[in-house]
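Colleague: What follows is work_20.cif, mmCIF, C-alpha atoms, pLDDT in the B column; chains and numbers go by the auth columns.
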```
data_upload
loop_
_atom_site.group_PDB
_atom_site.id
_atom_site.type_symbol
_atom_site.label_atom_id
_atom_site.label_comp_id
_atom_site.label_asym_id
_atom_site.label_seq_id
_atom_site.Cartn_x
_atom_site.Cartn_y
_atom_site.Cartn_z
_atom_site.B_iso_or_equiv
_atom_site.auth_seq_id
_atom_site.auth_asym_id
ATOM 1 C CA MET A 1 0.000 0.000 0.000 63.00 203 A
ATOM 2 C CA LYS A 2 1.371 3.403 -1.006 75.00 204 A
ATOM 3 C CA LYS A 3 2.016 6.172 1.527 77.00 205 A
ATOM 4 C CA ALA A 4 -1.057 8.213 0.536 83.00 206 A
ATOM 5 C CA GLY A 5 -3.217 5.123 0.919 84.00 207 A
ATOM 6 C CA LEU A 6 -1.756 4.391 4.350 85.00 208 A
ATOM 7 C CA ILE A 7 -2.487 7.948 5.500 86.00 209 A
ATOM 8 C CA ILE A 8 -6.127 7.708 4.388 88.00 210 A
ATOM 9 C CA TYR A 9 -6.478 4.234 5.880 88.00 211 A
ATOM 10 C CA SER A 10 -4.940 5.394 9.172 88.00 212 A
ATOM 11 C CA VAL A 11 -7.344 8.362 9.382 90.00 213 A
ATOM 12 C CA LEU A 12 -10.297 6.017 8.827 91.00 214 A
ATOM 13 C CA LEU A 13 -9.031 3.549 11.434 90.00 215 A
ATOM 14 C CA TRP A 14 -8.489 6.221 14.122 91.00 216 A
ATOM 15 C CA THR A 15 -11.888 7.754 13.343 93.00 217 A
ATOM 16 C CA PHE A 16 -13.438 4.320 13.826 94.00 218 A
ATOM 17 C CA PHE A 17 -11.492 3.995 17.070 94.00 219 A
ATOM 18 C CA LEU A 18 -12.753 7.329 18.433 95.00 220 A
ATOM 19 C CA VAL A 19 -16.385 6.799 17.460 96.00 221 A
ATOM 20 C CA THR A 20 -16.591 3.249 18.785 97.00 222 A
ATOM 21 C CA SER A 21 -14.750 4.205 21.981 97.00 223 A
ATOM 22 C CA VAL A 22 -17.479 6.699 22.893 97.00 224 A
ATOM 23 C CA VAL A 23 -20.118 3.993 22.468 97.00 225 A
ATOM 24 C CA MET A 24 -18.061 1.327 24.225 97.00 226 A
ATOM 25 C CA ILE A 25 -17.293 3.390 27.324 98.00 227 A
ATOM 26 C CA ILE A 26 -21.032 3.880 27.857 98.00 228 A
ATOM 27 C CA ILE A 27 -21.594 0.112 27.612 98.00 229 A
ATOM 28 C CA ASP A 28 -18.555 -0.322 29.857 97.00 230 A
ATOM 29 C CA LEU A 29 -20.146 1.809 32.565 98.00 231 A
ATOM 30 C CA VAL A 30 -23.469 -0.026 32.320 98.00 232 A
ATOM 31 C CA ILE A 31 -21.730 -3.410 32.696 98.00 233 A
ATOM 32 C CA TRP A 32 -19.788 -2.114 35.691 98.00 234 A
ATOM 33 C CA LEU A 33 -22.983 -0.867 37.370 97.00 235 A
ATOM 34 C CA LEU A 34 -24.820 -4.154 36.750 97.00 236 A
ATOM 35 C CA THR A 35 -22.082 -6.648 37.638 97.00 237 A
ATOM 36 C CA ARG A 36 -19.797 -5.138 40.265 95.00 238 A
ATOM 37 C CA TRP A 37 -22.043 -6.344 43.098 94.00 239 A
ATOM 38 C CA PHE A 38 -21.586 -10.047 42.346 96.00 240 A
ATOM 39 C CA ASP A 39 -18.484 -10.095 40.115 96.00 241 A
ATOM 40 C CA LYS A 40 -15.906 -8.860 42.615 92.00 242 A
ATOM 41 C CA ARG A 41 -12.996 -9.686 40.317 94.00 243 A
ATOM 42 C CA LEU A 42 -14.654 -7.697 37.486 97.00 244 A
ATOM 43 C CA VAL A 43 -14.051 -10.573 35.081 96.00 245 A
ATOM 44 C CA ILE A 44 -17.139 -9.762 32.997 97.00 246 A
ATOM 45 C CA LEU A 45 -16.060 -6.143 32.601 98.00 247 A
ATOM 46 C CA HIS A 46 -12.519 -7.165 31.688 98.00 248 A
ATOM 47 C CA LEU A 47 -13.754 -9.642 29.068 97.00 249 A
ATOM 48 C CA PHE A 48 -15.902 -6.890 27.565 98.00 250 A
ATOM 49 C CA SER A 49 -12.745 -4.737 27.466 97.00 251 A
ATOM 50 C CA CYS A 50 -11.062 -7.632 25.634 97.00 252 A
ATOM 51 C CA PHE A 51 -13.889 -7.580 23.081 97.00 253 A
ATOM 52 C CA TRP A 52 -13.592 -3.803 22.769 97.00 254 A
ATOM 53 C CA GLY A 53 -9.843 -3.941 22.193 96.00 255 A
ATOM 54 C CA SER A 54 -10.145 -6.859 19.773 96.00 256 A
ATOM 55 C CA LEU A 55 -12.500 -4.910 17.493 95.00 257 A
ATOM 56 C CA TYR A 56 -9.552 -2.961 16.122 94.00 258 A
ATOM 57 C CA ILE A 57 -7.724 -6.167 15.249 94.00 259 A
ATOM 58 C CA TRP A 58 -10.728 -7.936 13.738 94.00 260 A
ATOM 59 C CA PHE A 59 -11.609 -4.942 11.548 91.00 261 A
ATOM 60 C CA ASN A 60 -8.073 -4.221 10.399 92.00 262 A
ATOM 61 C CA PRO A 61 -6.934 -6.526 7.564 90.00 263 A
ATOM 62 C CA LEU A 62 -3.409 -5.094 7.773 90.00 264 A
ATOM 63 C CA TRP A 63 -2.791 -6.786 11.134 92.00 265 A
ATOM 64 C CA ARG A 64 -2.556 -10.550 11.323 93.00 266 A
ATOM 65 C CA VAL A 65 -2.231 -11.826 14.891 95.00 267 A
ATOM 66 C CA ARG A 66 -1.082 -15.377 15.602 95.00 268 A
ATOM 67 C CA ILE A 67 -1.378 -16.630 19.184 96.00 269 A
ATOM 68 C CA LYS A 68 0.050 -19.867 20.538 95.00 270 A
ATOM 69 C CA GLY A 69 -0.193 -21.202 24.090 94.00 271 A
ATOM 70 C CA ARG A 70 -3.336 -19.363 25.200 92.00 272 A
ATOM 71 C CA ARG A 71 -4.197 -22.232 27.578 92.00 273 A
ATOM 72 C CA ASN A 72 -0.980 -21.646 29.535 95.00 274 A
ATOM 73 C CA ILE A 73 -2.677 -18.748 31.350 94.00 275 A
ATOM 74 C CA PRO A 74 -4.777 -20.158 34.214 92.00 276 A
ATOM 75 C CA TRP A 75 -8.368 -19.052 34.771 89.00 277 A
ATOM 76 C CA ARG A 76 -9.000 -20.382 38.273 87.00 278 A
ATOM 77 C CA ARG A 77 -5.790 -19.430 40.045 92.00 279 A
ATOM 78 C CA SER A 78 -3.696 -16.296 40.027 96.00 280 A
ATOM 79 C CA CYS A 79 -0.262 -15.806 38.526 97.00 281 A
ATOM 80 C CA VAL A 80 2.089 -13.015 37.488 98.00 282 A
ATOM 81 C CA ILE A 81 2.122 -12.579 33.705 98.00 283 A
ATOM 82 C CA VAL A 82 5.169 -10.867 32.196 98.00 284 A
ATOM 83 C CA SER A 83 5.394 -9.656 28.608 97.00 285 A
ATOM 84 C CA ASN A 84 7.899 -7.714 26.550 96.00 286 A
ATOM 85 C CA HIS A 85 6.696 -4.353 25.246 94.00 287 A
ATOM 86 C CA GLN A 86 7.217 -3.070 21.684 92.00 288 A
ATOM 87 C CA SER A 87 4.288 -0.766 20.958 90.00 289 A
ATOM 88 C CA MET A 88 1.038 0.678 22.263 88.00 290 A
ATOM 89 C CA LEU A 89 -0.572 -1.960 20.055 91.00 291 A
ATOM 90 C CA ASP A 90 0.584 -4.556 22.613 94.00 292 A
ATOM 91 C CA ILE A 91 -2.405 -3.546 24.748 93.00 293 A
ATOM 92 C CA LEU A 92 -4.905 -4.497 22.051 94.00 294 A
ATOM 93 C CA VAL A 93 -3.029 -7.679 21.220 96.00 295 A
ATOM 94 C CA LEU A 94 -2.979 -8.838 24.847 96.00 296 A
ATOM 95 C CA TYR A 95 -6.679 -8.037 25.189 96.00 297 A
ATOM 96 C CA HIS A 96 -7.085 -10.431 22.258 95.00 298 A
ATOM 97 C CA LEU A 97 -6.119 -13.299 24.601 95.00 299 A
ATOM 98 C CA PHE A 98 -9.547 -13.131 26.294 95.00 300 A
ATOM 99 C CA VAL A 99 -8.246 -14.263 29.686 93.00 301 A
ATOM 100 C CA PRO A 100 -8.766 -12.445 33.020 93.00 302 A
ATOM 101 C CA TYR A 101 -5.958 -10.333 34.472 95.00 303 A
ATOM 102 C CA LYS A 102 -5.218 -6.874 35.863 96.00 304 A
ATOM 103 C CA TRP A 103 -2.885 -4.555 33.964 94.00 305 A
ATOM 104 C CA VAL A 104 -0.067 -2.651 35.618 96.00 306 A
ATOM 105 C CA SER A 105 0.256 0.695 33.839 94.00 307 A
ATOM 106 C CA LYS A 106 1.926 4.035 34.434 91.00 308 A
ATOM 107 C CA LYS A 107 -0.128 6.624 36.292 91.00 309 A
ATOM 108 C CA GLU A 108 -0.385 8.975 33.301 93.00 310 A
ATOM 109 C CA ASN A 109 -2.439 6.445 31.312 93.00 311 A
ATOM 110 C CA PHE A 110 -5.231 6.578 33.889 95.00 312 A
ATOM 111 C CA SER A 111 -5.751 10.269 33.021 93.00 313 A
ATOM 112 C CA ILE A 112 -6.421 9.633 29.316 94.00 314 A
ATOM 113 C CA PRO A 113 -10.103 10.267 28.512 95.00 315 A
ATOM 114 C CA ILE A 114 -12.131 7.099 27.845 96.00 316 A
ATOM 115 C CA ILE A 115 -9.117 4.772 27.981 95.00 317 A
ATOM 116 C CA GLY A 116 -8.227 5.869 31.498 96.00 318 A
ATOM 117 C CA TRP A 117 -11.887 5.680 32.561 97.00 319 A
ATOM 118 C CA ASN A 118 -12.007 2.086 31.386 97.00 320 A
ATOM 119 C CA MET A 119 -8.830 1.307 33.319 97.00 321 A
ATOM 120 C CA ARG A 120 -10.268 2.736 36.533 96.00 322 A
ATOM 121 C CA LEU A 121 -13.570 0.892 36.118 97.00 323 A
ATOM 122 C CA ASN A 122 -11.611 -2.343 35.711 97.00 324 A
ATOM 123 C CA ASP A 123 -9.586 -1.551 38.831 96.00 325 A
ATOM 124 C CA TYR A 124 -6.283 -1.978 37.025 97.00 326 A
ATOM 125 C CA LEU A 125 -3.068 -1.160 38.869 96.00 327 A
ATOM 126 C CA GLU A 126 -1.192 2.099 38.461 94.00 328 A
ATOM 127 C CA ILE A 127 2.409 2.960 39.195 92.00 329 A
ATOM 128 C CA GLU A 128 4.211 6.292 39.256 88.00 330 A
ATOM 129 C CA ARG A 129 7.636 5.865 37.728 79.00 331 A
ATOM 130 C CA GLY A 130 10.631 6.610 39.920 74.00 332 A
ATOM 131 C CA GLN A 131 8.572 6.813 43.136 79.00 333 A
ATOM 132 C CA LYS A 132 9.377 4.176 45.748 78.00 334 A
ATOM 133 C CA TYR A 133 6.128 4.786 47.658 82.00 335 A
ATOM 134 C CA SER A 134 4.185 4.074 44.449 88.00 336 A
ATOM 135 C CA LEU A 135 5.946 0.736 43.992 88.00 337 A
ATOM 136 C CA GLU A 136 5.145 -0.292 47.557 91.00 338 A
ATOM 137 C CA ARG A 137 1.515 0.742 47.104 93.00 339 A
ATOM 138 C CA LEU A 138 1.393 -1.294 43.884 93.00 340 A
ATOM 139 C CA MET A 139 2.787 -4.341 45.687 94.00 341 A
ATOM 140 C CA LYS A 140 0.118 -4.106 48.397 95.00 342 A
ATOM 141 C CA LYS A 141 -2.703 -3.818 45.894 95.00 343 A
ATOM 142 C CA ALA A 142 -1.252 -6.613 43.758 95.00 344 A
ATOM 143 C CA ARG A 143 -1.183 -8.870 46.812 96.00 345 A
ATOM 144 C CA LYS A 144 -4.916 -8.314 47.325 95.00 346 A
ATOM 145 C CA MET A 145 -5.572 -9.039 43.669 95.00 347 A
ATOM 146 C CA LEU A 146 -3.535 -12.226 43.674 96.00 348 A
ATOM 147 C CA GLU A 147 -5.186 -13.399 46.892 95.00 349 A
ATOM 148 C CA THR A 148 -8.582 -13.117 45.193 93.00 350 A
ATOM 149 C CA ARG A 149 -7.400 -15.152 42.159 92.00 351 A
ATOM 150 C CA SER A 150 -6.882 -12.155 39.877 94.00 352 A
ATOM 151 C CA SER A 151 -3.700 -12.491 37.827 96.00 353 A
ATOM 152 C CA VAL A 152 -1.479 -9.440 37.297 97.00 354 A
ATOM 153 C CA LEU A 153 0.103 -8.560 33.939 97.00 355 A
ATOM 154 C CA ILE A 154 3.289 -6.478 33.882 97.00 356 A
ATOM 155 C CA PHE A 155 5.718 -5.238 31.232 96.00 357 A
ATOM 156 C CA PRO A 156 9.009 -5.800 33.125 95.00 358 A
ATOM 157 C CA GLU A 157 10.939 -3.617 30.678 93.00 359 A
ATOM 158 C CA GLY A 158 8.960 -0.674 32.033 88.00 360 A
ATOM 159 C CA THR A 159 8.755 1.035 28.631 87.00 361 A
ATOM 160 C CA ARG A 160 8.600 0.196 24.937 88.00 362 A
ATOM 161 C CA TYR A 161 11.576 -1.405 23.166 88.00 363 A
ATOM 162 C CA PRO A 162 10.706 -1.549 19.451 82.00 364 A
ATOM 163 C CA GLY A 163 14.055 -2.956 18.283 76.00 365 A
ATOM 164 C CA GLY A 164 15.070 -6.498 17.538 78.00 366 A
ATOM 165 C CA HIS A 165 15.899 -7.353 21.150 85.00 367 A
ATOM 166 C CA LEU A 166 14.428 -7.295 24.630 92.00 368 A
ATOM 167 C CA GLY A 167 15.164 -4.329 26.878 92.00 369 A
ATOM 168 C CA PRO A 168 16.531 -4.675 30.424 93.00 370 A
ATOM 169 C CA PHE A 169 14.025 -6.033 32.940 95.00 371 A
ATOM 170 C CA LYS A 170 13.100 -4.475 36.266 93.00 372 A
ATOM 171 C CA GLU A 171 12.723 -6.676 39.348 93.00 373 A
ATOM 172 C CA GLY A 172 9.216 -5.677 40.493 93.00 374 A
ATOM 173 C CA ALA A 173 7.272 -8.443 38.734 96.00 375 A
ATOM 174 C CA PHE A 174 9.629 -11.113 40.024 97.00 376 A
ATOM 175 C CA ARG A 175 9.582 -9.835 43.564 96.00 377 A
ATOM 176 C CA MET A 176 5.777 -9.877 43.318 97.00 378 A
ATOM 177 C CA ALA A 177 5.734 -13.544 42.244 97.00 379 A
ATOM 178 C CA ILE A 178 8.159 -14.592 44.990 97.00 380 A
ATOM 179 C CA ASP A 179 6.451 -12.647 47.776 96.00 381 A
ATOM 180 C CA ASN A 180 3.007 -13.990 46.842 97.00 382 A
ATOM 181 C CA LYS A 181 4.140 -17.538 46.029 97.00 383 A
ATOM 182 C CA VAL A 182 2.485 -17.647 42.607 97.00 384 A
ATOM 183 C CA ASP A 183 3.584 -18.966 39.222 98.00 385 A
ATOM 184 C CA ILE A 184 4.990 -16.802 36.437 98.00 386 A
ATOM 185 C CA VAL A 185 3.637 -16.966 32.877 98.00 387 A
ATOM 186 C CA PRO A 186 5.973 -15.352 30.299 98.00 388 A
ATOM 187 C CA ILE A 187 4.578 -13.906 27.063 98.00 389 A
ATOM 188 C CA VAL A 188 6.736 -13.003 24.075 97.00 390 A
ATOM 189 C CA LEU A 189 5.465 -10.525 21.460 95.00 391 A
ATOM 190 C CA ASP A 190 6.985 -9.639 18.117 93.00 392 A
ATOM 191 C CA GLY A 191 5.735 -7.563 15.206 92.00 393 A
ATOM 192 C CA THR A 192 3.735 -4.859 16.971 91.00 394 A
ATOM 193 C CA ALA A 193 6.495 -2.265 16.556 88.00 395 A
ATOM 194 C CA LYS A 194 6.270 -2.671 12.785 86.00 396 A
ATOM 195 C CA ALA A 195 2.490 -2.444 12.862 86.00 397 A
ATOM 196 C CA LEU A 196 2.287 0.774 14.885 82.00 398 A
ATOM 197 C CA PRO A 197 5.269 3.147 15.248 74.00 399 A
ATOM 198 C CA LYS A 198 6.383 4.429 18.655 72.00 400 A
ATOM 199 C CA LYS A 199 5.940 7.973 17.371 73.00 401 A
ATOM 200 C CA GLY A 200 3.186 9.019 15.010 71.00 402 A
ATOM 201 C CA ALA A 201 -0.150 7.465 14.109 77.00 403 A
ATOM 202 C CA ILE A 202 0.356 6.407 10.485 81.00 404 A
ATOM 203 C CA LEU A 203 0.303 2.642 10.005 84.00 405 A
ATOM 204 C CA LYS A 204 3.233 1.041 8.233 80.00 406 A
ATOM 205 C CA GLY A 205 1.302 -1.456 6.139 82.00 407 A
ATOM 206 C CA PHE A 206 0.775 -5.189 6.525 89.00 408 A
ATOM 207 C CA ALA A 207 2.192 -6.639 9.753 89.00 409 A
ATOM 208 C CA ARG A 208 2.382 -10.162 11.122 92.00 410 A
ATOM 209 C CA ILE A 209 2.161 -10.162 14.898 94.00 411 A
ATOM 210 C CA ASP A 210 3.253 -13.212 16.862 95.00 412 A
ATOM 211 C CA VAL A 211 2.270 -13.955 20.454 96.00 413 A
ATOM 212 C CA ARG A 212 3.792 -16.885 22.317 97.00 414 A
ATOM 213 C CA ILE A 213 2.520 -17.730 25.785 97.00 415 A
ATOM 214 C CA LEU A 214 5.199 -19.901 27.343 97.00 416 A
ATOM 215 C CA GLU A 215 4.512 -22.629 29.861 96.00 417 A
ATOM 216 C CA PRO A 216 4.007 -21.411 33.442 97.00 418 A
ATOM 217 C CA ILE A 217 7.076 -21.401 35.687 97.00 419 A
ATOM 218 C CA PRO A 218 5.883 -22.962 38.973 97.00 420 A
ATOM 219 C CA PHE A 219 6.673 -21.135 42.194 97.00 421 A
ATOM 220 C CA SER A 220 8.400 -24.288 43.450 96.00 422 A
ATOM 221 C CA ARG A 221 11.111 -23.795 40.807 96.00 423 A
ATOM 222 C CA PHE A 222 12.095 -20.332 42.036 96.00 424 A
ATOM 223 C CA ALA A 223 11.033 -20.315 45.686 95.00 425 A
ATOM 224 C CA GLU A 224 14.649 -20.010 46.858 94.00 426 A
ATOM 225 C CA MET A 225 15.761 -17.530 44.200 95.00 427 A
ATOM 226 C CA SER A 226 16.241 -13.789 44.616 96.00 428 A
ATOM 227 C CA PRO A 227 14.179 -11.403 42.445 96.00 429 A
ATOM 228 C CA ARG A 228 17.369 -10.504 40.591 96.00 430 A
ATOM 229 C CA ASP A 229 18.234 -14.116 39.766 96.00 431 A
ATOM 230 C CA LEU A 230 14.656 -14.860 38.750 97.00 432 A
ATOM 231 C CA GLN A 231 14.607 -11.784 36.531 96.00 433 A
ATOM 232 C CA ILE A 232 17.721 -13.005 34.696 96.00 434 A
ATOM 233 C CA LYS A 233 16.310 -16.529 34.332 96.00 435 A
ATOM 234 C CA VAL A 234 12.991 -15.375 32.872 97.00 436 A
ATOM 235 C CA ARG A 235 14.572 -12.794 30.579 96.00 437 A
ATOM 236 C CA ASP A 236 16.943 -15.427 29.172 95.00 438 A
ATOM 237 C CA LEU A 237 14.010 -17.752 28.572 96.00 439 A
ATOM 238 C CA MET A 238 11.964 -15.058 26.840 96.00 440 A
ATOM 239 C CA GLY A 239 14.991 -13.843 24.906 94.00 441 A
ATOM 240 C CA GLY A 240 15.486 -17.257 23.323 93.00 442 A
ATOM 241 C CA THR A 241 11.860 -17.364 22.178 93.00 443 A
ATOM 242 C CA PHE A 242 12.007 -13.777 20.933 91.00 444 A
ATOM 243 C CA ALA A 243 15.146 -14.476 18.908 89.00 445 A
ATOM 244 C CA SER A 244 13.523 -17.470 17.192 86.00 446 A
ATOM 245 C CA LEU A 245 10.384 -15.444 16.337 84.00 447 A
ATOM 246 C CA HIS A 246 12.360 -12.473 15.104 77.00 448 A
ATOM 247 C CA SER A 247 14.649 -14.604 12.932 77.00 449 A
ATOM 248 C CA ASP A 248 11.626 -16.038 11.097 72.00 450 A
ATOM 249 C CA ARG A 249 10.664 -12.629 9.704 65.00 451 A
#
```
Would you encode the structure as structure tokens?
Modeller:
Amino acid sequence: MKKAGLIIYSVLLWTFFLVTSVVMIIIDLVIWLLTRWFDKRLVILHLFSCFWGSLYIWFNPLWRVRIKGRRNIPWRRSCVIVSNHQSMLDILVLYHLFVPYKWVSKKENFSIPIIGWNMRLNDYLEIERGQKYSLERLMKKARKMLETRSSVLIFPEGTRYPGGHLGPFKEGAFRMAIDNKVDIVPIVLDGTAKALPKKGAILKGFARIDVRILEPIPFSRFAEMSPRDLQIKVRDLMGGTFASLHSDR
């Protein structure tokens, strides 16, 4: 597709996004009002958010998403899910999994109209970068979530790394798994950086997006490890998968 065509297509896609988002946030609020009394984990609301996010993948023929290992994420017990981060499109792609979890996202995202409202209704977890008190508050809230069988999804890189490699990992997710004695489920993404640039809103054309959900790492296998050692172990594991996906392109 030529550049002029991509610009027109991108304008149409973002217009569709804005219009549908206004409708969806209203439905979002209605679902929250009707279900929050009996659905304490807000699973129904989250699954609707998954449907909402998936609309923009289903209706975009330029993005082809391939997911393997979806069943590796448990439904009836909590875990810490860690994923690499290439693009803002990662959010939509991970919604496409249709499994219950709570996002960890930077505080600024909760102030975005409509998107931030949805995040607050879902009771996702916020963190203020560089603030120790915010990390401790996140850990306390995450503990409550994990105790009630709500999994927590974190980007351990802390920001987007659109290149052909993983960025350095932070220890928070691994400390969370150790402290709460829950399994870790690694997810490896590739292709989202090519589908949606880090800067700008013009699509780059056809993109194949791969998602690999690796087998859970049981708590028993890292119970005696430090967060730092666990971080290195998981990053090495994800790095091997990422390299094999990236080399296939």
Colleague: Tell me, in Å to one decimal, how far CA of Asp381 (chain A) is from CA of Leu432 (chain A).
Modeller: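 Atom-to-atom, CA of Asp381 (chain A) and CA of Leu432 (chain A) are spaced 12.4 Å apart.
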Colleague: Counting only C-alpha atoms, which residue out of A:Gln333, A:Asn311, A:Asn274, A:Asn320 sits closest to Pro388 (chain A)?
Modeller: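 Of all the options, A:Asn274 lies closest to Pro388 (chain A).
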Colleague: Which residues of region 268-381 of chain A sit at most 12 Å from region 206-228 of chain A, using all atoms listed in the file? Give each one's shortest atom pair and distance in Å (one decimal place), in chain and ascending residue order, as JSON lines.
Modeller:
```
{"residue": "A:Leu294", "atom": "CA", "partner": "A:Phe219", "partner_atom": "CA", "distance": 11.8}
{"residue": "A:Pro315", "atom": "CA", "partner": "A:Val224", "partner_atom": "CA", "distance": 9.9}
{"residue": "A:Ile316", "atom": "CA", "partner": "A:Ile227", "partner_atom": "CA", "distance": 6.4}
{"residue": "A:Ile317", "atom": "CA", "partner": "A:Ser223", "partner_atom": "CA", "distance": 8.2}
{"residue": "A:Gly318", "atom": "CA", "partner": "A:Ile227", "partner_atom": "CA", "distance": 10.3}
{"residue": "A:Trp319", "atom": "CA", "partner": "A:Ile227", "partner_atom": "CA", "distance": 7.9}
{"residue": "A:Asn320", "atom": "CA", "partner": "A:Ile227", "partner_atom": "CA", "distance": 6.8}
{"residue": "A:Met321", "atom": "CA", "partner": "A:Ile227", "partner_atom": "CA", "distance": 10.6}
{"residue": "A:Arg322", "atom": "CA", "partner": "A:Ile227", "partner_atom": "CA", "distance": 11.6}
{"residue": "A:Leu323", "atom": "CA", "partner": "A:Ile227", "partner_atom": "CA", "distance": 9.9}
{"residue": "A:Asn324", "atom": "CA", "partner": "A:Ile227", "partner_atom": "CA", "distance": 11.6}
```
Colleague: Evaluate the PyMOL selection byres ((chain A and resi 291) around 8) against this structure - the residues, as an MDAnalysis selection string, please.
Modeller: chainID A and resid 289:290 292:295 394:395 397:398
Colleague: Give me the region 231-289 of chain A side of the contact with region 416-422 of chain A, cut-off 10 Å, one line per residue showing its nearest atom pair and distance in Å at one decimal, counting all atoms listed in the file, sorted by chain and residue number, as a Markdown table.
Modeller:
```
| residue | atom | partner | partner_atom | distance |
| --- | --- | --- | --- | --- |
| A:Lys270 | CA | A:Leu416 | CA | 8.5 |
| A:Gly271 | CA | A:Leu416 | CA | 6.4 |
| A:Arg272 | CA | A:Leu416 | CA | 8.8 |
| A:Arg273 | CA | A:Glu417 | CA | 9.0 |
| A:Asn274 | CA | A:Glu417 | CA | 5.6 |
| A:Ile275 | CA | A:Pro418 | CA | 7.5 |
| A:Pro276 | CA | A:Pro418 | CA | 8.9 |
| A:Cys281 | CA | A:Pro418 | CA | 8.7 |
| A:Val282 | CA | A:Pro418 | CA | 9.5 |
| A:Ile283 | CA | A:Pro418 | CA | 9.0 |
```
Colleague: Just say which residues the PyMOL selection byres ((chain A and resi 245-253) around 12) picks in this file, as an MDAnalysis selection string.
Modeller: chainID A and resid 222:223 226:244 254:260 277:278 293:305 316:317 319:326 350:353
Colleague: Could you write out that same residue set with C-alpha atoms as a short mmCIF file (atom, residue, chain, number, x, y, z; two decimals), in the frame of the given file?
Modeller:
```cif
data_model
loop_
_atom_site.label_atom_id
_atom_site.label_comp_id
_atom_site.auth_asym_id
_atom_site.auth_seq_id
_atom_site.Cartn_x
_atom_site.Cartn_y
_atom_site.Cartn_z
CA THR A 222 -16.59 3.25 18.78
CA SER A 223 -14.75 4.20 21.98
CA MET A 226 -18.06 1.33 24.22
CA ILE A 227 -17.29 3.39 27.32
CA ILE A 228 -21.03 3.88 27.86
CA ILE A 229 -21.59 0.11 27.61
CA ASP A 230 -18.56 -0.32 29.86
CA LEU A 231 -20.15 1.81 32.56
CA VAL A 232 -23.47 -0.03 32.32
CA ILE A 233 -21.73 -3.41 32.70
CA TRP A 234 -19.79 -2.11 35.69
CA LEU A 235 -22.98 -0.87 37.37
CA LEU A 236 -24.82 -4.15 36.75
CA THR A 237 -22.08 -6.65 37.64
CA ARG A 238 -19.80 -5.14 40.26
CA TRP A 239 -22.04 -6.34 43.10
CA PHE A 240 -21.59 -10.05 42.35
CA ASP A 241 -18.48 -10.10 40.12
CA LYS A 242 -15.91 -8.86 42.62
CA ARG A 243 -13.00 -9.69 40.32
CA LEU A 244 -14.65 -7.70 37.49
CA TRP A 254 -13.59 -3.80 22.77
CA GLY A 255 -9.84 -3.94 22.19
CA SER A 256 -10.14 -6.86 19.77
CA LEU A 257 -12.50 -4.91 17.49
CA TYR A 258 -9.55 -2.96 16.12
CA ILE A 259 -7.72 -6.17 15.25
CA TRP A 260 -10.73 -7.94 13.74
CA TRP A 277 -8.37 -19.05 34.77
CA ARG A 278 -9.00 -20.38 38.27
CA ILE A 293 -2.40 -3.55 24.75
CA LEU A 294 -4.90 -4.50 22.05
CA VAL A 295 -3.03 -7.68 21.22
CA LEU A 296 -2.98 -8.84 24.85
CA TYR A 297 -6.68 -8.04 25.19
CA HIS A 298 -7.08 -10.43 22.26
CA LEU A 299 -6.12 -13.30 24.60
CA PHE A 300 -9.55 -13.13 26.29
CA VAL A 301 -8.25 -14.26 29.69
CA PRO A 302 -8.77 -12.44 33.02
CA TYR A 303 -5.96 -10.33 34.47
CA LYS A 304 -5.22 -6.87 35.86
CA TRP A 305 -2.88 -4.56 33.96
CA ILE A 316 -12.13 7.10 27.84
CA ILE A 317 -9.12 4.77 27.98
CA TRP A 319 -11.89 5.68 32.56
CA ASN A 320 -12.01 2.09 31.39
CA MET A 321 -8.83 1.31 33.32
CA ARG A 322 -10.27 2.74 36.53
CA LEU A 323 -13.57 0.89 36.12
CA ASN A 324 -11.61 -2.34 35.71
CA ASP A 325 -9.59 -1.55 38.83
CA TYR A 326 -6.28 -1.98 37.02
CA THR A 350 -8.58 -13.12 45.19
CA ARG A 351 -7.40 -15.15 42.16
CA SER A 352 -6.88 -12.16 39.88
CA SER A 353 -3.70 -12.49 37.83
#
```
Colleague: Please write as a PDB file with C-alpha atoms, in the coordinates of the input the full residue list that the PyMOL selection byres ((chain A and resi 359-374) around 6) yields on this file.
Modeller:
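Everything below was put into part_16.pdb:
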```pdb
ATOM      1  CA  HIS A 287       6.696  -4.353  25.246  1.00 94.00           C
ATOM      2  CA  GLN A 288       7.217  -3.070  21.684  1.00 92.00           C
ATOM      3  CA  SER A 289       4.288  -0.766  20.958  1.00 90.00           C
ATOM      4  CA  PHE A 357       5.718  -5.238  31.232  1.00 96.00           C
ATOM      5  CA  PRO A 358       9.009  -5.800  33.125  1.00 95.00           C
ATOM      6  CA  ALA A 375       7.272  -8.443  38.734  1.00 96.00           C
ATOM      7  CA  PHE A 376       9.629 -11.113  40.024  1.00 97.00           C
ATOM      8  CA  ARG A 377       9.582  -9.835  43.564  1.00 96.00           C
ATOM      9  CA  ALA A 395       6.495  -2.265  16.556  1.00 88.00           C
ATOM     10  CA  PRO A 429      14.179 -11.403  42.445  1.00 96.00           C
TER      11      PRO A 429
END
```
Colleague: As an exercise, work out the distance from CA of Val387 (chain A) to CA of Ser280 (chain A) in Å and give it to one decimal place.
Modeller: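 Interatomic distance here is 10.3 Å.
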Colleague: Could you check the closest approach to Lys205 (chain A) for each of A:Leu264, A:Val354, A:Ile389, A:Ile404 and tell me which residue wins, using only C-alpha atoms?
Modeller: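 Counting only C-alpha atoms, the residue closest to Lys205 (chain A) is A:Ile404.
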Colleague: Could you check how far CA of Arg430 (chain A) sits from CA of Asn382 (chain A), in Å to one decimal?
Modeller: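 Between CA of Arg430 (chain A) and CA of Asn382 (chain A) the gap is 16.0 Å.
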Colleague: With 5 Å on each side, where is the centre of the axis-aligned box around all listed atoms of region 322-329 of chain A, and how long are its edges in Å to one decimal, as JSON?
Modeller:
```
{"center_x": -5.6, "center_y": 0.3, "center_z": 37.5, "size_x": 26.0, "size_y": 15.3, "size_z": 13.5}
```
